[in-house]
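Peer 1: See target_25.cif below, with mmCIF, C-alpha atoms.
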```cif
data_protein
loop_
_atom_site.group_PDB
_atom_site.id
_atom_site.type_symbol
_atom_site.label_atom_id
_atom_site.label_comp_id
_atom_site.auth_asym_id
_atom_site.auth_seq_id
_atom_site.Cartn_x
_atom_site.Cartn_y
_atom_site.Cartn_z
ATOM 1 C CA THR N 1 0.393 -0.301 -16.126
ATOM 2 C CA ASN N 2 0.385 -3.854 -14.845
ATOM 3 C CA PRO N 3 -0.116 -3.935 -11.053
ATOM 4 C CA ALA N 4 1.253 -7.470 -11.047
ATOM 5 C CA GLN N 5 4.684 -5.855 -11.545
ATOM 6 C CA PRO N 6 6.571 -4.708 -8.451
ATOM 7 C CA GLY N 7 6.341 -0.971 -7.875
ATOM 8 C CA ARG N 8 4.172 1.863 -6.623
ATOM 9 C CA TYR N 9 0.783 2.830 -8.005
ATOM 10 C CA VAL N 10 -1.720 5.518 -6.958
ATOM 11 C CA VAL N 11 -5.472 4.830 -7.075
ATOM 12 C CA THR N 12 -8.224 7.367 -6.401
ATOM 13 C CA VAL N 13 -11.770 6.153 -5.823
ATOM 14 C CA SER N 14 -14.631 8.677 -5.947
ATOM 15 C CA VAL N 15 -18.125 7.955 -4.657
ATOM 16 C CA ASP N 16 -21.239 9.990 -5.501
ATOM 17 C CA ASP N 17 -24.312 9.125 -3.414
ATOM 18 C CA GLY N 18 -26.692 10.718 -5.935
ATOM 19 C CA ASP N 19 -27.859 13.329 -3.418
ATOM 20 C CA GLY N 20 -24.959 15.713 -3.888
ATOM 21 C CA GLY N 21 -22.584 13.962 -1.499
ATOM 22 C CA VAL N 22 -19.258 13.169 -3.151
ATOM 23 C CA THR N 23 -16.120 11.841 -1.511
ATOM 24 C CA ALA N 24 -12.783 10.625 -2.812
ATOM 25 C CA GLN N 25 -10.023 8.553 -1.249
ATOM 26 C CA THR N 26 -6.509 8.285 -2.698
ATOM 27 C CA THR N 27 -4.317 5.316 -1.789
ATOM 28 C CA SER N 28 -0.733 4.568 -2.739
ATOM 29 C CA PHE N 29 -0.301 0.843 -3.447
ATOM 30 C CA VAL N 30 3.102 -0.805 -3.077
ATOM 31 C CA PHE N 31 3.437 -4.191 -4.797
ATOM 32 C CA GLY N 32 6.169 -6.684 -4.012
ATOM 33 C CA SER N 33 7.201 -9.601 -6.198
ATOM 34 C CA ALA N 34 6.782 -13.373 -6.293
ATOM 35 C CA GLY N 35 10.106 -13.673 -4.438
ATOM 36 C CA PRO N 36 11.292 -12.404 -1.068
ATOM 37 C CA ASP N 37 10.995 -8.624 -0.663
ATOM 38 C CA VAL N 38 12.132 -6.060 1.890
ATOM 39 C CA ILE N 39 9.663 -3.146 1.862
ATOM 40 C CA THR N 40 9.892 -0.151 4.192
ATOM 41 C CA VAL N 41 6.951 2.261 4.231
ATOM 42 C CA THR N 42 7.963 5.917 4.625
ATOM 43 C CA PRO N 43 6.213 9.286 4.247
ATOM 44 C CA ALA N 44 7.702 9.396 0.717
ATOM 45 C CA ASP N 45 5.162 6.669 -0.196
ATOM 46 C CA LEU N 46 2.349 9.244 0.097
ATOM 47 C CA ILE N 47 2.598 10.154 -3.582
ATOM 48 C CA GLY N 48 -0.027 11.640 -5.870
ATOM 49 C CA GLY N 49 -2.117 13.066 -3.032
ATOM 50 C CA ALA N 50 -2.426 9.701 -1.251
ATOM 51 C CA THR N 51 -3.462 9.755 2.411
ATOM 52 C CA ARG N 52 -2.827 6.060 3.064
ATOM 53 C CA VAL N 53 -0.607 3.225 1.828
ATOM 54 C CA ALA N 54 -1.509 -0.392 1.051
ATOM 55 C CA VAL N 55 1.327 -2.910 0.701
ATOM 56 C CA LEU N 56 0.705 -6.170 -1.180
ATOM 57 C CA ALA N 57 3.978 -8.042 -0.768
ATOM 58 C CA LEU N 58 2.803 -11.103 -2.780
ATOM 59 C CA GLY N 59 4.884 -14.332 -2.671
ATOM 60 C CA GLY N 60 8.125 -15.117 -0.910
ATOM 61 C CA ASN N 61 9.283 -14.643 2.644
ATOM 62 C CA ASP N 62 8.812 -10.889 2.906
ATOM 63 C CA LEU N 63 9.865 -8.304 5.455
ATOM 64 C CA VAL N 64 7.473 -5.313 5.482
ATOM 65 C CA ASN N 65 8.127 -2.504 7.945
ATOM 66 C CA ALA N 66 5.792 0.453 8.542
ATOM 67 C CA SER N 67 6.930 1.157 12.108
ATOM 68 C CA GLY N 68 8.145 4.658 11.278
ATOM 69 C CA VAL N 69 4.854 6.095 9.990
ATOM 70 C CA SER N 70 1.733 7.453 11.643
ATOM 71 C CA PHE N 71 -0.659 7.498 8.661
ATOM 72 C CA PRO N 72 -3.062 4.632 7.804
ATOM 73 C CA VAL N 73 -1.337 1.560 6.337
ATOM 74 C CA VAL N 74 -2.680 -1.831 5.237
ATOM 75 C CA LEU N 75 -0.116 -4.644 5.070
ATOM 76 C CA ASP N 76 -0.712 -7.945 3.236
ATOM 77 C CA GLY N 77 2.251 -10.304 3.159
ATOM 78 C CA GLY N 78 0.729 -12.727 0.673
ATOM 79 C CA VAL N 79 2.012 -16.292 0.430
ATOM 80 C CA GLY N 80 5.124 -17.105 2.440
ATOM 81 C CA ASP N 81 6.601 -16.773 5.908
ATOM 82 C CA ASP N 82 6.359 -12.985 6.249
ATOM 83 C CA THR N 83 7.253 -10.489 8.947
ATOM 84 C CA LEU N 84 4.900 -7.484 9.000
ATOM 85 C CA THR N 85 5.423 -4.532 11.332
ATOM 86 C CA GLY N 86 2.769 -1.808 11.477
ATOM 87 C CA GLY N 87 3.039 1.829 12.440
ATOM 88 C CA SER N 88 0.962 4.009 14.731
ATOM 89 C CA GLY N 89 -1.575 5.213 12.130
#
```
Can you give me the file's structure in the form of structure tokens?

Peer 2:
Amino acid sequence: TNPAQPGRYVVTVSVDDGDGGVTAQTTSFVFGSAGPDVITVTPADLIGGATRVAVLALGGNDLVNASGVSFPVVLDGGVGDDTLTGGSG
């Protein structure tokens, strides 16, 4: 899978501190394109056990809206004149 392609990808990172403490965090990544994108974050983006969403809109004049969600979201508009609206998470 090439994350440079627009779409949704799920990443789980596990950390083991060597003393028996292990934790994992699953994030759903939403990638835009080099052109203008309209991306709306919804609860349906919490795929594959994800507890948070990260949007990387990339190039173009993007509109990214996460106003309707209450879970953690990271929004990165990338290059361009972007409009980013966060939620309450």

Peer 1: Written as a PyMOL selection string, what is the full residue list that the PyMOL selection byres ((chain N and resi 66-79) around 9) yields on the file shown?

Peer 2: chain N and resi 32+34+39-43+51-65+80-89

Peer 1: Can you tell me how far atom CA of Gln5 of chain N sits from atom CA of Leu46 of chain N, in Å to one decimal?

Peer 2: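 We find that atom CA of Gln5 of chain N and atom CA of Leu46 of chain N lie 19.2 Å from each other.
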
Peer 1: As a PyMOL selection string, please: the residues near Ser28 of chain N (cut-off 6 Å, all atoms listed in the file, same-chain neighbours under 6 positions excluded).

Peer 2: chain N and resi 9-10+50+53

Peer 1: Work out how far apart atom CA of Arg8 of chain N and atom CA of Gly48 of chain N are and give it in Å to one decimal.

Peer 2: 10.7 Å

Peer 1: Taking all atoms of segment 61-72 of chain N that the file lists, what box with edges along x, y and z, padded by 8 Å per side, do you get, with centre and edge lengths in Å to one decimal, as JSON?

Peer 2:
```
{"center_x": 3.4, "center_y": -3.6, "center_z": 7.4, "size_x": 28.9, "size_y": 38.1, "size_z": 25.5}
```

Peer 1: Compare N:Pro6, N:Val11, N:Gly49, N:Asp16 by their minimum atom-to-atom distance to Phe31 of chain N, counting all atoms listed in the file, and give me the closest one.

Peer 2: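 Looking at the shortest contact to Phe31 of chain N, the residue is N:Pro6.
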
Peer 1: What's the separation between atom CA of Thr27 of chain N and atom CA of Val13 of chain N, in Å to one decimal place?

Peer 2: 8.5 Å

Peer 1: Which one is closest to Asp45 of chain N: N:Val30, N:Gly20, N:Ser14, N:Gln25? Count all atoms listed in the file.

Peer 2: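 Between N:Val30, N:Gly20, N:Ser14, N:Gln25, the residue approaching Asp45 of chain N most closely is N:Val30.
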
Peer 1: Would you mind writing segment 44-67 of chain N with N, CA and C atoms, as a PDB file, in the coordinates of the input?

Peer 2:
```pdb
ATOM      1  N   ALA N  44       7.495   9.205   2.159  1.00  0.00           N
ATOM      2  CA  ALA N  44       7.702   9.396   0.717  1.00  0.00           C
ATOM      3  C   ALA N  44       6.752   8.534  -0.112  1.00  0.00           C
ATOM      4  N   ASP N  45       6.129   7.517   0.508  1.00  0.00           N
ATOM      5  CA  ASP N  45       5.162   6.669  -0.196  1.00  0.00           C
ATOM      6  C   ASP N  45       3.819   7.358  -0.391  1.00  0.00           C
ATOM      7  N   LEU N  46       3.598   8.487   0.263  1.00  0.00           N
ATOM      8  CA  LEU N  46       2.349   9.244   0.097  1.00  0.00           C
ATOM      9  C   LEU N  46       2.468  10.107  -1.159  1.00  0.00           C
ATOM     10  N   ILE N  47       2.441   9.466  -2.306  1.00  0.00           N
ATOM     11  CA  ILE N  47       2.598  10.154  -3.582  1.00  0.00           C
ATOM     12  C   ILE N  47       1.240  10.424  -4.219  1.00  0.00           C
ATOM     13  N   GLY N  48       1.191  11.374  -5.110  1.00  0.00           N
ATOM     14  CA  GLY N  48      -0.027  11.640  -5.870  1.00  0.00           C
ATOM     15  C   GLY N  48      -1.232  12.029  -5.037  1.00  0.00           C
ATOM     16  N   GLY N  49      -1.004  12.660  -3.886  1.00  0.00           N
ATOM     17  CA  GLY N  49      -2.117  13.066  -3.032  1.00  0.00           C
ATOM     18  C   GLY N  49      -2.655  11.960  -2.142  1.00  0.00           C
ATOM     19  N   ALA N  50      -1.973  10.829  -2.082  1.00  0.00           N
ATOM     20  CA  ALA N  50      -2.426   9.701  -1.251  1.00  0.00           C
ATOM     21  C   ALA N  50      -2.413  10.081   0.230  1.00  0.00           C
ATOM     22  N   THR N  51      -3.382   9.544   0.963  1.00  0.00           N
ATOM     23  CA  THR N  51      -3.462   9.755   2.411  1.00  0.00           C
ATOM     24  C   THR N  51      -3.252   8.463   3.177  1.00  0.00           C
ATOM     25  N   ARG N  52      -3.047   7.379   2.452  1.00  0.00           N
ATOM     26  CA  ARG N  52      -2.827   6.060   3.064  1.00  0.00           C
ATOM     27  C   ARG N  52      -1.999   5.219   2.105  1.00  0.00           C
ATOM     28  N   VAL N  53      -1.423   4.132   2.628  1.00  0.00           N
ATOM     29  CA  VAL N  53      -0.607   3.225   1.828  1.00  0.00           C
ATOM     30  C   VAL N  53      -1.088   1.801   2.059  1.00  0.00           C
ATOM     31  N   ALA N  54      -1.198   1.039   0.971  1.00  0.00           N
ATOM     32  CA  ALA N  54      -1.509  -0.392   1.051  1.00  0.00           C
ATOM     33  C   ALA N  54      -0.342  -1.152   0.432  1.00  0.00           C
ATOM     34  N   VAL N  55       0.212  -2.100   1.181  1.00  0.00           N
ATOM     35  CA  VAL N  55       1.327  -2.910   0.701  1.00  0.00           C
ATOM     36  C   VAL N  55       0.817  -4.320   0.430  1.00  0.00           C
ATOM     37  N   LEU N  56       1.017  -4.796  -0.791  1.00  0.00           N
ATOM     38  CA  LEU N  56       0.705  -6.170  -1.180  1.00  0.00           C
ATOM     39  C   LEU N  56       2.035  -6.805  -1.541  1.00  0.00           C
ATOM     40  N   ALA N  57       2.624  -7.528  -0.587  1.00  0.00           N
ATOM     41  CA  ALA N  57       3.978  -8.042  -0.768  1.00  0.00           C
ATOM     42  C   ALA N  57       4.035  -9.249  -1.709  1.00  0.00           C
ATOM     43  N   LEU N  58       2.917  -9.933  -1.893  1.00  0.00           N
ATOM     44  CA  LEU N  58       2.803 -11.103  -2.780  1.00  0.00           C
ATOM     45  C   LEU N  58       3.630 -12.266  -2.245  1.00  0.00           C
ATOM     46  N   GLY N  59       4.229 -13.092  -3.109  1.00  0.00           N
ATOM     47  CA  GLY N  59       4.884 -14.332  -2.671  1.00  0.00           C
ATOM     48  C   GLY N  59       6.236 -14.098  -2.025  1.00  0.00           C
ATOM     49  N   GLY N  60       6.804 -15.180  -1.532  1.00  0.00           N
ATOM     50  CA  GLY N  60       8.125 -15.117  -0.910  1.00  0.00           C
ATOM     51  C   GLY N  60       8.038 -14.822   0.572  1.00  0.00           C
ATOM     52  N   ASN N  61       9.181 -14.954   1.218  1.00  0.00           N
ATOM     53  CA  ASN N  61       9.283 -14.643   2.644  1.00  0.00           C
ATOM     54  C   ASN N  61       9.658 -13.171   2.766  1.00  0.00           C
ATOM     55  N   ASP N  62       8.649 -12.341   2.978  1.00  0.00           N
ATOM     56  CA  ASP N  62       8.812 -10.889   2.906  1.00  0.00           C
ATOM     57  C   ASP N  62       9.011 -10.271   4.279  1.00  0.00           C
ATOM     58  N   LEU N  63       9.708  -9.140   4.273  1.00  0.00           N
ATOM     59  CA  LEU N  63       9.865  -8.304   5.455  1.00  0.00           C
ATOM     60  C   LEU N  63       9.277  -6.950   5.102  1.00  0.00           C
ATOM     61  N   VAL N  64       8.149  -6.589   5.749  1.00  0.00           N
ATOM     62  CA  VAL N  64       7.473  -5.313   5.482  1.00  0.00           C
ATOM     63  C   VAL N  64       7.450  -4.525   6.783  1.00  0.00           C
ATOM     64  N   ASN N  65       7.988  -3.303   6.740  1.00  0.00           N
ATOM     65  CA  ASN N  65       8.127  -2.504   7.945  1.00  0.00           C
ATOM     66  C   ASN N  65       7.472  -1.139   7.748  1.00  0.00           C
ATOM     67  N   ALA N  66       6.452  -0.858   8.551  1.00  0.00           N
ATOM     68  CA  ALA N  66       5.792   0.453   8.542  1.00  0.00           C
ATOM     69  C   ALA N  66       5.868   1.092   9.920  1.00  0.00           C
ATOM     70  N   SER N  67       6.855   0.691  10.720  1.00  0.00           N
ATOM     71  CA  SER N  67       6.930   1.157  12.108  1.00  0.00           C
ATOM     72  C   SER N  67       7.233   2.638  12.228  1.00  0.00           C
TER      73      SER N  67
END
```
